[in-house]
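Undergrad: Below is one structure. I have some questions about it.
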Amino acid sequence: MKNIKILWAIIVALGLIVFGAGYQLITGSTVVSSDGRTAIVLTKNERNFVLGEMRGLLGHMQQLVAAAADRDIDKTIAIAKRLNSDSQGEKQVGIIAKTPLNFKKITANIHSQFGKLYEDSVKKRDANHSLKQVSMIMQNCIACHGAYTIIEEQK
Ligand code: HEC
């Protein structure tokens with residue numbers, strides 16, 4: 001009898017851990033922001049890191065548009081290559097864990113589109129095709145910014 005009680009206690013404890021991990025995976029560390037978007041709560045350094053990466057992205061998108069508009073396919077390839085290798089770089093696991101599932105999905109989506117942009121730019125050497133892909137990629141920027149904001153953790 002006592003053993004069964006212990007067993008149940010273990011089952012319940014494990015269940016709570018699995019539930020908690022699943023819940024964390026889906027919601028990340030988030031609260032509702034004052035403007036209605038989902039606010040991801042990061043430390044000051046993590047937030048600064050993400051925003052810095054974002055400003056880098058914006059710069060690269062401008063360079064892509066400029067290169068493709070000039071029909072400079074080699075420059076387009078070079079920037080696409082850079083974006084693709086950056087998106088495969090070291091993963092910030094601590095930050096990723098704090099982001100909700102949908103945020104992770106959009107991130108995975110934009111990364112695979114950077115891969116396709118690079119692949120196609122090398123294969124097709126068609127600046128107009130790349131430019132259209134850039135416009136598609138930017139829909140991820142719009143979708144994510146419409147849904148999420150980042151706030152600094154209050155201690
Ligand atoms: C998966 C989500 C996501 C994607 C995709 C994304 N961003 Fe962001 N970005 C954010 C969040 C969240 C913020 C913080 C916004 C806030 O706090 O209001 C941000 C902020 C920014 C900022 C402001 C940086 C600062 O210093 O305040 C820029 C610029 C930016 N993003 C550019 C881009 C561009 C360009 C793309 C697409 C190529 C992009 N982002 C894609 C989530 C994303």
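Residue numbering restarts at 1 in every chain; chains get A, B, ... in the order shown in the structure tokens, and ligands count up from 1 in that same order.
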Enumerate as a VMD selection string the residues within 9 Å of ligand 1, counting only C-alpha atoms and all ligand atoms.

TA: chain A and resid 37 to 40 47 to 48 50 to 62 99 102 to 111 134 137 to 151

Undergrad: As JSON, numbers by chain, please: every residue in chain A that DSSP puts in strand (DSSP E or B).

TA: {"A": [30, 31, 32, 38, 39, 40, 41, 42, 148, 149, 150, 151, 152]}

Undergrad: Could those residues be written to a file, using N, CA and C atoms, as a PDB file, in the first residue's frame?

TA:
ATOM      1  N   THR A  30       7.137  34.733 -20.916  1.00  0.00           N
ATOM      2  CA  THR A  30       6.425  35.856 -21.519  1.00  0.00           C
ATOM      3  C   THR A  30       5.351  36.439 -20.597  1.00  0.00           C
ATOM      4  N   VAL A  31       5.012  37.685 -20.869  1.00  0.00           N
ATOM      5  CA  VAL A  31       3.875  38.352 -20.224  1.00  0.00           C
ATOM      6  C   VAL A  31       3.158  39.131 -21.334  1.00  0.00           C
ATOM      7  N   VAL A  32       1.960  39.624 -21.015  1.00  0.00           N
ATOM      8  CA  VAL A  32       1.259  40.438 -22.017  1.00  0.00           C
ATOM      9  C   VAL A  32       1.800  41.861 -21.901  1.00  0.00           C
ATOM     10  N   THR A  38       2.761  40.046 -27.196  1.00  0.00           N
ATOM     11  CA  THR A  38       3.379  39.186 -26.205  1.00  0.00           C
ATOM     12  C   THR A  38       4.784  39.702 -25.933  1.00  0.00           C
ATOM     13  N   ALA A  39       5.075  39.969 -24.671  1.00  0.00           N
ATOM     14  CA  ALA A  39       6.400  40.475 -24.315  1.00  0.00           C
ATOM     15  C   ALA A  39       7.269  39.325 -23.816  1.00  0.00           C
ATOM     16  N   ILE A  40       8.408  39.139 -24.478  1.00  0.00           N
ATOM     17  CA  ILE A  40       9.369  38.130 -24.042  1.00  0.00           C
ATOM     18  C   ILE A  40      10.276  38.797 -23.009  1.00  0.00           C
ATOM     19  N   VAL A  41      10.396  38.165 -21.864  1.00  0.00           N
ATOM     20  CA  VAL A  41      11.168  38.771 -20.776  1.00  0.00           C
ATOM     21  C   VAL A  41      12.602  38.257 -20.817  1.00  0.00           C
ATOM     22  N   LEU A  42      13.534  39.163 -21.100  1.00  0.00           N
ATOM     23  CA  LEU A  42      14.955  38.801 -21.180  1.00  0.00           C
ATOM     24  C   LEU A  42      15.763  39.644 -20.206  1.00  0.00           C
ATOM     25  N   TYR A 148       5.289  40.197 -31.184  1.00  0.00           N
ATOM     26  CA  TYR A 148       6.184  40.143 -30.016  1.00  0.00           C
ATOM     27  C   TYR A 148       6.945  41.437 -29.755  1.00  0.00           C
ATOM     28  N   THR A 149       7.203  41.645 -28.491  1.00  0.00           N
ATOM     29  CA  THR A 149       8.091  42.716 -28.073  1.00  0.00           C
ATOM     30  C   THR A 149       9.041  42.096 -27.037  1.00  0.00           C
ATOM     31  N   ILE A 150      10.073  42.813 -26.674  1.00  0.00           N
ATOM     32  CA  ILE A 150      11.010  42.273 -25.676  1.00  0.00           C
ATOM     33  C   ILE A 150      11.108  43.260 -24.526  1.00  0.00           C
ATOM     34  N   ILE A 151      10.916  42.775 -23.321  1.00  0.00           N
ATOM     35  CA  ILE A 151      11.096  43.667 -22.179  1.00  0.00           C
ATOM     36  C   ILE A 151      12.202  43.142 -21.272  1.00  0.00           C
ATOM     37  N   GLU A 152      12.769  44.074 -20.540  1.00  0.00           N
ATOM     38  CA  GLU A 152      13.873  43.726 -19.648  1.00  0.00           C
ATOM     39  C   GLU A 152      13.314  43.203 -18.328  1.00  0.00           C
TER      40      GLU A 152
END

Undergrad: Counting only C-alpha atoms, what is within 10 Å of Val122 of chain A, bar same-chain residues fewer than 5 positions away, as a list of chain:residue names?

TA: A:Ile73, A:Asp74, A:Thr76, A:Ile77, A:Ala78, A:Ala80, A:Lys81, A:Lys116, A:Leu117

Undergrad: If you run DSSP on the backbone here, which positions in segment 7-153 of chain A get alpha helix (DSSP H)? Please write them as a VMD selection string.

TA: chain A and resid 7 to 27 44 to 69 73 to 87 93 to 98 101 to 124 127 to 147

Undergrad: Hey, which of A:Gly20, A:Gly36, A:Asn84, A:Gly89 ends up closest to Glu119 of chain A? Count only C-alpha atoms.

TA: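 Ranking A:Gly20, A:Gly36, A:Asn84, A:Gly89 by distance to Glu119 of chain A, first place goes to A:Asn84.
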
Undergrad: Tell me, counting only C-alpha atoms, for each residue of segment 16-103 of chain A within 12 Å of segment 7-11 of chain A, which pair of atoms is nearest and how far apart they are in Å to one decimal, in rows ordered by chain and increasing number, as a Markdown table.

TA:
| residue | atom | partner | partner_atom | distance |
| --- | --- | --- | --- | --- |
| A:Leu16 | CA | A:Ile11 | CA | 8.6 |
| A:Ile17 | CA | A:Ile11 | CA | 9.9 |
| A:Val18 | CA | A:Ile11 | CA | 10.5 |
| A:Phe19 | CA | A:Ile11 | CA | 12.0 |

Undergrad: Might you pull out every residue within 10 Å of Ala97 of chain A, with only C-alpha atoms counted and same-chain residues fewer than 5 positions away left off, and present them as a ChimeraX atom specification?

TA: /A:24-29,92,104

Undergrad: Find the distance between atom CA of Leu101 of chain A and atom CA of Tyr23 of chain A and write it in Å to one decimal.

TA: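 Atom-to-atom, atom CA of Leu101 of chain A to atom CA of Tyr23 of chain A, that is 9.8 Å.
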